[in-house]
Structure formats: C-alpha cells, structure tokens
Amino acid sequence: MPRPPRTGGKRPLRRRKLPPGAKRPVRRPIRKKKPLKMPSSPWEGPLPEALRGRFGDSIREATLLGGQKLVVADLAAAAGILQFLKDDRGFDYLVDVTAVHWPKREGETFDLVWILYSFATNERVRLKAALLEGAKAPTATGLYQSANWLEREVYDMFGIEFDGHPDLRRILMPDEWDGFPLRKEYGIVQQDVDWVRENLKIESAQ
Amino acid sequence: MAATTLAPPPAEDATLLDSNEMVLNMGPQHPSTHGVLRVILKLDGETVLGTDCVIGYLHRGVEKIAENRTYQQFAPYVDRMDYVAAVSNGLGYCMAIEQLLGVEIPSRAQCVRVILAELNRIASHLLWLGTHALDIGAITPVFLCFREREQVLNIFEKYCGARLTTHAFRIGGLQYETYDTFERDCLALCDLMEEKVQEYHSLLTGNRIWVRRTKGVGVLSAEDCKDYGVTGPLLRAAGEAWDLRKVRPYCGYEKYDFEVPTAESGDTFDRYIVRMKEMEQSCRIIRQAVETLPAGPIKGKVGKVIKPPPGEAYVSIEAPKGELGYYVVSDGSLKPYRLRVRPPSFVNLGALDKMCRGSLVADVVAIIGTIDIVLGEVDR
C-alpha cells in the first residue's frame with residue numbers, strides 16, 4: 001500500500017513508552033567540534049631578529065607554522081631579503097619557487113613563495129610575499145640558477161612576470177597557449193580551443 | 001613546450017662543407033631521451049655549444065587536478081608522476097597531508113613504509129642502470145636489471161595488488177597489513193640484490209668502453225649542484241654527503257644504520273658508482289627494518305573525511321632522484337587549495353645545459369641518462 005503523502009509541517013515527537021519504573025536515559029547534547037588549527041607560534045631567534053633589524057616593517061610576520069619557519073614580507077623587500085639570506089646567512093640552495101592564487105582576497109591576489117635551504121646549518125625557511133594582479137615580481141636568477149626554470153613555471157601557470165629574468169617564456173604549456181592554468185578562474189577542463197584545433201587538428205572536447 | 005631561442009646560423013656563413021655552427025634537434029621521439037624530452041642542440045662540429053630543453057609533452061596538470069579532488073582522491077595521481085618510484089611519491093604526499101593534520105603514524109606503519117620506499121629505490125635505480133647502460137651501448141645489463149626489478153615488483157604486487165602505480169600508502173598510515181611471507185621475501189630480495197650488484201660491477205665497472213664513455217663526462221661540481229638546486233645522487237657524486245634521510249630524518253630513518261655513499265669528481269661514472277652503492281645501502285636498511293618490524297596498528301587516528309585545518313606545509317623526502325617536496329595549502333575544506341610538487345627530475349634537468357656544454361653529441365645521451373629523469377615527473 002502506498003504511503004499517504006506527507007502534508008508538511010513537523011510531525012509531533014512521539015516518545016517511546018518505557019516499562020514502568022525504568023528511567024529515561026539522559027541524552028548527551030551534541031557538542032560542536034572546535035575548528036582545528038595548525039599549531040603556530042611566533043618565531044624568535046637570531047635570524048628573524050636580523051631580518052627585522054635590517055628590513056624593519058617590511059617583515060610582516062615571522063612564525064613557526066606547524067614547526068616550519070615562515071617569513072611573510074612585502075614584495076618590495078623580497079629581492080633584498082633573498083640576497084641577504086644567501087650572502088649573509090648561507091642559504092645557498094633555492095629549493096622551490098611557486099605561487100598561490102587568492103582571487104577572493106582583497107588587494108593582492110597572489111602569494112609568491114620561495115623555499116630556501118642552507119647546507120651549512122641544515123635550516124629551511126619559507127619566504128612569502130603578496131603580489132598585486134599584473135605586478136612584476138623580482139627575479140632570483142641572479143642569485144640562484146635554479147630560479148630560471150622555477151620562475152618560468154610560475155609564469156607559465158600563473159602569468160606572473162619576473163623582472164629581469166633572462167629567458168621568461170612558457171615551459172610546460174605551448175608558447176601560443178591562451179590562459180594561465182593554475183589561476184583559480186581557469187576551469188579544470190578548460191582548453192585553448194583554437195590552439196587545439198590548429199595544432200592537433202581535432203575539435204576540442206568542450 | 002617553448003620554441004627555441006637558439007637561432008640557426010645566418011645563411012651566408014653556412015656553406016655546405018664548412019663546420020659552422022648548426023642546430024640539431026633531438027627528440028621528442030628518441031629512444032635515449034627516456035620518454036618525450038626534446039633537446040635542441042647548438043653544435044660546432046661534434047661539440048655542443050648550448051642546449052635548450054623543450055618539455056611539457058606529458059603535462060597533465062597534476063597540480064590543477066589536485067585542487068579539484070579530495071585529499072584521498074588525489075593520492076593515486078601522485079603515483080603517475082614518477083611512475084618508476086610511485087611508492088616514494090605516495091610517501092611524500094601522505095607525509096605532507098599528515099603534517100597538515102598533525103597526526104602521529106604508528107611505528108609499524110612507519111617501518112613498512114621504509115621497507116617499501118627502499119625497495120622502490122632499488123627498483124628505480126635498477127631501471128636507471130639498465131636503460132642508462134643501454135643508451136651507452138651495453139645491451140646486457142638491461143635484461144639483468146629488469147630480471148631483478150621483477151622480483152621487487154612481485155613484492156609490491158603481493159602487498160598491494162599493483163606493480164607500478166602502487167598507491168601503497170594512505171594518509172595516516174597503511175591500507176593493508178603485510179602479507180604472510182613479506183619479511184621472508186624482502187630478505188630474499190636483499191640476498192639476491194647483494195649478489196647481483198656484484199654481477200653488474202663485473203659487467204660494467206672495469207669495462208673499458210664503459211669507463212671511457214662515462215669518466216669525465218657531464219661533470220657538475222658541488223657548488224654548481226647547489227646553484228642549480230640539483231639533489232640526489234648527482235649531488236652526492238660531487239662529494240656532498242647530503243641525504244634528507246640523514247640530515248632531516250623522517251619515518252624513523254634515524255633508527256637505521258646506513259651510510260651515505262659519495263664520490264669525488266661528480267662525473268657520470270661517479271654517479272653510477274654512487275647509485276650502485278645506494279642499492280647496497282637500501283638492502284642494509286631493509287634488513288634492519290625487517291628485523292625490527294614492530295607489531296601494532298597500521299593506521300593513525302585519521303577520520304574517514306580528511307579535512308585539514310587552514311594552513312600550509314612543505315614536506316620533502318629523499319626520493320631515488322633527489323629531493324621530492326610537496327607544498328600544500330589548505331583552506332580548511334575537503335580539497336587542497338593549492339598543491340605544489342617540487343619534482344627532483346625537473347630541477348635536475350635544469351642543469352643539463354651546464355653539463356652538456358663543451359661535450360660531444362654522443363655524451364649528451366650519456367648525460368641525459370645519468371641525470372635519471374622520468375618525464376612523467378618533469379612535465380607532471
């Protein structure tokens with residue numbers, strides 16, 4: 001037999017009958033889970049002090065985020081900080097350069113991230129600087145050769161240009177490709193339809 | 001995939017019979033480029049004046065895919081980057097998410113992870129050795145290396161059902177308990193490998209052709225390695241005893257007694273020696289790990305739904321090819337907000353130009369082989 005359709009409104013709460021003498025169990029209220037947070041604390045030590053002493057307010061914060069050393073600085077000071085870290089503090093290995101796109105953030109919509117390592121002290125530091133849409137970033141190619149390809153990849157994927165890079169062109173995507181795939185507004189199946197038609201002689205699946 | 005900047009010489013200078021500079025294209029369909037690497041060489045006769053790598057033929061947008069998958073859903077994708085060392089890829093990825101979550105991994109899981117990662121290092125080095133020797137003209141080693149690699153893959157298959165793209169680990173620990181004869185198989189493989197490494201030595205190390213083709217070829221000093229961000233066996237062959245398993249231990253590597261093999265001159269021959277010794281050291285680690293394999297749970301306290309707190313983390317491991325890093329940014333949702341892979345092959349390949357300049361065309365093949373690139377990882 002089909003159920004009669006529900007007419008809307010709340011059904012009255014029907015409580016189960018208990019045998020005489022039994023107590024109704026107390027139900028524990030559902031506690032809301034506290035939102036998790038990554039452990040973070042201000043990073044104290046000679047290096048952040050030296051950075052603050054030298055670059056002053058350009059250093060926005062120096063934290064230990066989950067035990068990892070992170071310096072957030074102004075973009076204008078980034079080149080100077082990289083130079084200082086390499087020449088004075090022995091950070092002789094540029095591990096990675098990458099970017100993060102934050103289109104919903106007001107003002108600067110990109111974060112540039114440099115990961116540096118010092119062979120002498122076995123220390124790893126992450127430097128982060130925010131960047132305005134369309135602004136140029138300072139290149140690290142004068143300091144580290146590894147910056148060459150890494151910055152080309154950032155340019156390829158985000159369209160961030162590096163001022164003074166000797167050979168700034170796309171590295172993974174085709175030269176004539178339209179759009180920067182790792183920007184948030186770029187869809188996951190999005191393609192450059194014209195490029196696909198012209199070079200692969202097929203119609204794009206979109 | 002960018003067009004070259006190495007323009008051909010002006011036409012009036014180049015006559016048919018003189019030895020002016022010329023531009024030669026190598027790849028992407030070339031057997032010694034290990035996939036789809038295209039190298040544009042600028043030559044003066046047989047001497048290389050400069051190179052330009054054209055990469056991206058295998059670009060699949062792994063980092064973009066990561067932003068559109070949940071943390072667990074993305075885990076199998078990392079295996080498809082460096083597909084000859086899928087276990088290492090998975091290890092780095094899981095460790096990065098675990099760092100975001102702040103979970104502890106049970107010691108049994110850590111130990112099994114070490115065993116599988118070291119087995120994978122052996123498999124990766126074996127594939128490198130076979131193909132590298134084949135590139136240079138030695139046919140025999142490739143058959144021998146694949147024979148032994150098969151034994152490693154058999155262990156993977158018995159453990160998790162897959163041979164190449166294993167997806168052996170899960171965020172928080174392991175998915176599967178080890179199978180019944182796992183320890184015995186691992187020890188048998190160590191016995192086999194220690195014997196077979198000697199066999200490879202007898203084939204190659206004293207071989208005059210091998211020595212002439214590799215000694216002094218593609219030299220990269222320790223300073224240049226650091227400048228170019230080159231890590232792994234290339235850096236160690238230049239004399240720097242730097243191994244993330246020693247300097248920043250993870251997964252309990254500090255408990256095992258092993259050496260970091262180094263060499264001095266940083267040429268192709270030294271890299272060969274370093275990788276051969278690394279296989280022996282891996283056997284040593286596997287033996288210790290199997291002997292001390294603790295009992296206990298294989299998964300830490302991780303929920304069914306993985307939702308790391310907002311934040312970011314960079315975690316790197318010593319993959320067979322160098323420093324493999326994952327930089328993950330979480331916005332507190334179910335998917336990574338941004339996931340960046342720091343691939344060792346990509347960064348190491350950046351030093352190709354430096355290594356090739358001044359050498360001969362035939363050496364370029366040896367140098368591409370000695371960097372040990374996997375194009376799936378270079379292009380991602």
# chains A, B, ... in the order shown; residues from 1 in each chain; ligands from 1

$ interface_residues --of "chain B" --to "chain A" --cutoff "9 Å" --atoms "only C-alpha atoms" --output "MDAnalysis selection string"
chainID B and resid 1:3 5 54:59 61 63:65 67:68 99:102 224:230 242 247:248 308:314 323 325 329 332 337:338 340 342 346:348 350:351 379:380

$ residues_around --residues "range 132-140 of chain B" --least-positions-apart "3" --cutoff "10 Å" --atoms "only C-alpha atoms" --output "ChimeraX atom specification"
/B:31-34,126-129,143-145,200,203-204,209-210,213-214,272,362-363,365-372

$ residues_around --residues "Thr139 in chain A" --least-positions-apart "3" --cutoff "8 Å" --atoms "only C-alpha atoms" --output "VMD selection string"
chain A and resid 79 142 147 151 162 to 165

$ closest_residue --among "B:Leu244, B:Met279, B:Glu264, B:Arg208" --to "Leu189 in chain B" --atoms "only C-alpha atoms"
B:Met279

$ residues_around --residues "Ala50 in chain A" --least-positions-apart "3" --cutoff "12 Å" --atoms "only C-alpha atoms" --output "ChimeraX atom specification"
/A:44-47,53-56,59,62,81,84-85,88-89

$ write_last_selection --atoms "C-alpha atoms" --output "PDB file, in the first residue's frame"
ATOM      1  CA  GLU A  44      62.100  34.010  17.841  1.00  0.00           C
ATOM      2  CA  GLY A  45      65.769  33.698  17.194  1.00  0.00           C
ATOM      3  CA  PRO A  46      68.760  35.380  15.647  1.00  0.00           C
ATOM      4  CA  LEU A  47      67.538  35.075  12.061  1.00  0.00           C
ATOM      5  CA  GLY A  53      66.688  44.786  12.185  1.00  0.00           C
ATOM      6  CA  ARG A  54      67.596  45.060   8.567  1.00  0.00           C
ATOM      7  CA  PHE A  55      64.236  45.292   6.849  1.00  0.00           C
ATOM      8  CA  GLY A  56      62.102  46.755   9.635  1.00  0.00           C
ATOM      9  CA  ILE A  59      58.820  41.871   7.589  1.00  0.00           C
ATOM     10  CA  ALA A  62      57.854  35.516  11.309  1.00  0.00           C
ATOM     11  CA  ILE A  81      65.741  39.535   1.723  1.00  0.00           C
ATOM     12  CA  PHE A  84      70.605  38.857   2.484  1.00  0.00           C
ATOM     13  CA  LEU A  85      69.655  35.253   3.182  1.00  0.00           C
ATOM     14  CA  ASP A  88      74.932  36.731   4.850  1.00  0.00           C
ATOM     15  CA  ARG A  89      73.096  33.698   6.166  1.00  0.00           C
TER      16      ARG A  89
END

$ residues_around --residues "range 146-162 of chain B" --least-positions-apart "2" --cutoff "9 Å" --atoms "only C-alpha atoms" --output "ChimeraX atom specification"
/B:116,119-120,122-124,126-127,130,141-144,164-168,175-179,182,185-186,189,192-193,196

$ write_last_selection --atoms "C-alpha atoms" --output "PDB file, in the first residue's frame"
ATOM      1  CA  LEU B 116      58.629  -0.333   0.623  1.00  0.00           C
ATOM      2  CA  LEU B 119      62.515  -1.477  -2.278  1.00  0.00           C
ATOM      3  CA  ASN B 120      61.280   1.181  -4.645  1.00  0.00           C
ATOM      4  CA  ILE B 122      66.231  -0.352  -5.684  1.00  0.00           C
ATOM      5  CA  ALA B 123      63.649  -0.783  -8.449  1.00  0.00           C
ATOM      6  CA  SER B 124      64.151   2.770  -9.641  1.00  0.00           C
ATOM      7  CA  LEU B 126      67.726  -0.817 -11.485  1.00  0.00           C
ATOM      8  CA  LEU B 127      65.613   0.688 -14.217  1.00  0.00           C
ATOM      9  CA  GLY B 130      69.553  -0.857 -17.346  1.00  0.00           C
ATOM     10  CA  PRO B 141      72.596  -5.022 -18.235  1.00  0.00           C
ATOM     11  CA  VAL B 142      69.079  -4.043 -19.213  1.00  0.00           C
ATOM     12  CA  PHE B 143      67.958  -7.667 -19.234  1.00  0.00           C
ATOM     13  CA  LEU B 144      69.644  -8.435 -15.955  1.00  0.00           C
ATOM     14  CA  LEU B 164      53.855   0.103 -10.969  1.00  0.00           C
ATOM     15  CA  THR B 165      51.370   2.677  -9.723  1.00  0.00           C
ATOM     16  CA  THR B 166      51.089   1.126  -6.340  1.00  0.00           C
ATOM     17  CA  HIS B 167      49.131   3.558  -4.158  1.00  0.00           C
ATOM     18  CA  ALA B 168      50.625   1.610  -1.286  1.00  0.00           C
ATOM     19  CA  GLN B 175      45.728   0.461   3.988  1.00  0.00           C
ATOM     20  CA  TYR B 176      46.909  -3.137   4.076  1.00  0.00           C
ATOM     21  CA  GLU B 177      48.615  -5.290   6.626  1.00  0.00           C
ATOM     22  CA  THR B 178      51.671  -7.060   5.238  1.00  0.00           C
ATOM     23  CA  TYR B 179      51.123 -10.490   3.728  1.00  0.00           C
ATOM     24  CA  PHE B 182      56.502 -10.420   3.376  1.00  0.00           C
ATOM     25  CA  ASP B 185      60.501 -12.131   0.538  1.00  0.00           C
ATOM     26  CA  CYS B 186      62.226  -8.890   1.490  1.00  0.00           C
ATOM     27  CA  LEU B 189      65.462  -9.949  -2.263  1.00  0.00           C
ATOM     28  CA  LEU B 192      69.665 -11.598  -4.292  1.00  0.00           C
ATOM     29  CA  MET B 193      70.481  -7.938  -4.779  1.00  0.00           C
ATOM     30  CA  LYS B 196      73.565  -9.231  -8.349  1.00  0.00           C
TER      31      LYS B 196
END

$ residues_around --residues "Ser282 in chain B" --least-positions-apart "3" --cutoff "10 Å" --atoms "only C-alpha atoms" --output "ChimeraX atom specification"
/B:114-115,117-122,190,193,258-259,277-279,285-288

$ residues_around --residues "Pro320 in chain B" --least-positions-apart "4" --cutoff "8 Å" --atoms "only C-alpha atoms" --output "VMD selection string"
chain B and resid 85 88 121 124 to 125 232 to 233

$ write_last_selection --atoms "N, CA and C atoms" --output "PDB file, in the first residue's frame"
ATOM      1  N   ALA B  85      59.010   5.276  -9.407  1.00  0.00           N
ATOM      2  CA  ALA B  85      59.179   5.345  -7.956  1.00  0.00           C
ATOM      3  C   ALA B  85      57.876   5.814  -7.334  1.00  0.00           C
ATOM      4  N   SER B  88      57.631   6.216  -3.441  1.00  0.00           N
ATOM      5  CA  SER B  88      58.217   7.427  -2.871  1.00  0.00           C
ATOM      6  C   SER B  88      57.285   8.615  -3.060  1.00  0.00           C
ATOM      7  N   ARG B 121      63.387   2.267  -4.181  1.00  0.00           N
ATOM      8  CA  ARG B 121      64.648   2.905  -4.582  1.00  0.00           C
ATOM      9  C   ARG B 121      65.481   1.918  -5.398  1.00  0.00           C
ATOM     10  N   SER B 124      63.906   1.585  -8.824  1.00  0.00           N
ATOM     11  CA  SER B 124      64.151   2.770  -9.641  1.00  0.00           C
ATOM     12  C   SER B 124      65.592   2.805 -10.141  1.00  0.00           C
ATOM     13  N   HIS B 125      66.527   2.504  -9.256  1.00  0.00           N
ATOM     14  CA  HIS B 125      67.935   2.501  -9.658  1.00  0.00           C
ATOM     15  C   HIS B 125      68.207   1.400 -10.679  1.00  0.00           C
ATOM     16  N   GLY B 232      70.077  14.697  -4.769  1.00  0.00           N
ATOM     17  CA  GLY B 232      70.093  13.254  -5.003  1.00  0.00           C
ATOM     18  C   GLY B 232      71.472  12.750  -5.351  1.00  0.00           C
ATOM     19  N   PRO B 233      71.534  11.630  -6.082  1.00  0.00           N
ATOM     20  CA  PRO B 233      72.839  11.029  -6.391  1.00  0.00           C
ATOM     21  C   PRO B 233      73.772  11.978  -7.135  1.00  0.00           C
TER      22      PRO B 233
END

$ closest_residue --among "B:Pro249, B:Gly303, B:Gly50, B:Gly92" --to "Ala319 in chain B" --atoms "only C-alpha atoms"
B:Gly92

$ select_by_dssp --residues "range 124-197 of chain A" --states "strand (DSSP E or B)" --output "PyMOL selection string"
chain A and resi 124-131+136-138+161-163

$ atom_distance --atom1 "CA of Ala75 in chain B" --atom2 "CA of Gly296 in chain B"
24.3 Å

$ select_by_dssp --residues "range 68-231 of chain B" --states "helix (DSSP H, G or I)" --output "ChimeraX atom specification"
/B:71-79,86-101,107-136,140-160,182-204,208-214,222-228

$ decode --residues "range 79-124 of chain B" --atoms "N, CA and C atoms" --output "compact mmCIF listing (two decimals), in the first residue's frame"
# COMPACT_ATOMS: atom_id res chain seq x y z
N ASP B 79 51.19 8.84 -7.94
CA ASP B 79 51.94 7.69 -8.45
C ASP B 79 52.28 7.85 -9.92
N ARG B 80 51.47 8.63 -10.62
CA ARG B 80 51.65 8.75 -12.06
C ARG B 80 52.64 9.84 -12.45
N MET B 81 53.25 10.46 -11.47
CA MET B 81 54.29 11.43 -11.81
C MET B 81 55.60 10.71 -12.07
N ASP B 82 56.28 10.31 -11.00
CA ASP B 82 57.47 9.48 -11.20
C ASP B 82 57.01 8.04 -11.10
N TYR B 83 56.63 7.48 -12.24
CA TYR B 83 55.97 6.17 -12.19
C TYR B 83 56.94 5.03 -11.94
N VAL B 84 58.24 5.25 -11.97
CA VAL B 84 59.13 4.16 -11.57
C VAL B 84 59.44 4.23 -10.08
N ALA B 85 59.01 5.28 -9.41
CA ALA B 85 59.18 5.34 -7.96
C ALA B 85 57.88 5.81 -7.33
N ALA B 86 56.80 5.09 -7.64
CA ALA B 86 55.47 5.51 -7.19
C ALA B 86 55.36 5.50 -5.67
N VAL B 87 56.06 4.56 -5.05
CA VAL B 87 55.95 4.46 -3.59
C VAL B 87 56.51 5.72 -2.92
N SER B 88 57.63 6.22 -3.44
CA SER B 88 58.22 7.43 -2.87
C SER B 88 57.28 8.61 -3.06
N ASN B 89 56.67 8.71 -4.23
CA ASN B 89 55.73 9.80 -4.46
C ASN B 89 54.61 9.77 -3.45
N GLY B 90 54.06 8.57 -3.25
CA GLY B 90 52.95 8.44 -2.32
C GLY B 90 53.38 8.74 -0.90
N LEU B 91 54.59 8.34 -0.56
CA LEU B 91 55.09 8.59 0.79
C LEU B 91 55.17 10.09 1.05
N GLY B 92 55.75 10.83 0.12
CA GLY B 92 55.87 12.28 0.30
C GLY B 92 54.51 12.94 0.42
N TYR B 93 53.59 12.52 -0.43
CA TYR B 93 52.26 13.13 -0.40
C TYR B 93 51.57 12.87 0.93
N CYS B 94 51.59 11.60 1.36
CA CYS B 94 50.93 11.28 2.62
C CYS B 94 51.56 12.04 3.78
N MET B 95 52.89 12.15 3.75
CA MET B 95 53.56 12.86 4.85
C MET B 95 53.19 14.33 4.88
N ALA B 96 53.00 14.92 3.71
CA ALA B 96 52.64 16.34 3.67
C ALA B 96 51.26 16.55 4.27
N ILE B 97 50.31 15.68 3.93
CA ILE B 97 48.95 15.84 4.47
C ILE B 97 48.94 15.54 5.97
N GLU B 98 49.76 14.54 6.37
CA GLU B 98 49.84 14.22 7.79
C GLU B 98 50.43 15.39 8.58
N GLN B 99 51.36 16.10 7.97
CA GLN B 99 51.93 17.28 8.62
C GLN B 99 50.85 18.35 8.81
N LEU B 100 49.99 18.53 7.81
CA LEU B 100 48.89 19.48 7.93
C LEU B 100 47.94 19.06 9.05
N LEU B 101 47.65 17.77 9.09
CA LEU B 101 46.68 17.26 10.07
C LEU B 101 47.29 17.16 11.46
N GLY B 102 48.60 17.01 11.51
CA GLY B 102 49.28 16.83 12.79
C GLY B 102 49.02 15.47 13.41
N VAL B 103 48.95 14.41 12.61
CA VAL B 103 48.70 13.08 13.16
C VAL B 103 50.01 12.32 13.34
N GLU B 104 49.98 11.42 14.31
CA GLU B 104 51.11 10.54 14.56
C GLU B 104 50.91 9.25 13.79
N ILE B 105 51.96 8.74 13.22
CA ILE B 105 51.86 7.49 12.47
C ILE B 105 52.41 6.37 13.34
N PRO B 106 51.68 5.26 13.48
CA PRO B 106 52.18 4.16 14.31
C PRO B 106 53.51 3.61 13.78
N SER B 107 54.30 3.08 14.70
CA SER B 107 55.67 2.70 14.32
C SER B 107 55.68 1.55 13.31
N ARG B 108 54.69 0.68 13.37
CA ARG B 108 54.67 -0.42 12.40
C ARG B 108 54.47 0.14 10.98
N ALA B 109 53.56 1.09 10.87
CA ALA B 109 53.32 1.68 9.56
C ALA B 109 54.58 2.38 9.05
N GLN B 110 55.26 3.08 9.96
CA GLN B 110 56.50 3.78 9.57
C GLN B 110 57.50 2.79 9.00
N CYS B 111 57.60 1.66 9.70
CA CYS B 111 58.60 0.67 9.35
C CYS B 111 58.29 0.05 7.99
N VAL B 112 57.03 -0.28 7.76
CA VAL B 112 56.64 -0.85 6.46
C VAL B 112 56.87 0.18 5.36
N ARG B 113 56.59 1.43 5.66
CA ARG B 113 56.82 2.49 4.68
C ARG B 113 58.29 2.55 4.28
N VAL B 114 59.16 2.45 5.28
CA VAL B 114 60.59 2.48 4.99
C VAL B 114 60.97 1.32 4.08
N ILE B 115 60.47 0.12 4.42
CA ILE B 115 60.83 -1.06 3.63
C ILE B 115 60.39 -0.87 2.18
N LEU B 116 59.13 -0.46 1.99
CA LEU B 116 58.63 -0.33 0.62
C LEU B 116 59.34 0.79 -0.13
N ALA B 117 59.63 1.90 0.58
CA ALA B 117 60.31 3.00 -0.10
C ALA B 117 61.71 2.59 -0.54
N GLU B 118 62.37 1.81 0.30
CA GLU B 118 63.72 1.38 -0.08
C GLU B 118 63.68 0.35 -1.21
N LEU B 119 62.68 -0.54 -1.17
CA LEU B 119 62.52 -1.48 -2.28
C LEU B 119 62.32 -0.69 -3.57
N ASN B 120 61.54 0.38 -3.46
CA ASN B 120 61.28 1.18 -4.65
C ASN B 120 62.54 1.90 -5.13
N ARG B 121 63.39 2.27 -4.18
CA ARG B 121 64.65 2.90 -4.58
C ARG B 121 65.48 1.92 -5.40
N ILE B 122 65.49 0.66 -4.93
CA ILE B 122 66.23 -0.35 -5.68
C ILE B 122 65.64 -0.52 -7.08
N ALA B 123 64.30 -0.60 -7.15
CA ALA B 123 63.65 -0.78 -8.45
C ALA B 123 63.95 0.39 -9.38
N SER B 124 63.91 1.58 -8.82
CA SER B 124 64.15 2.77 -9.64
C SER B 124 65.59 2.81 -10.14
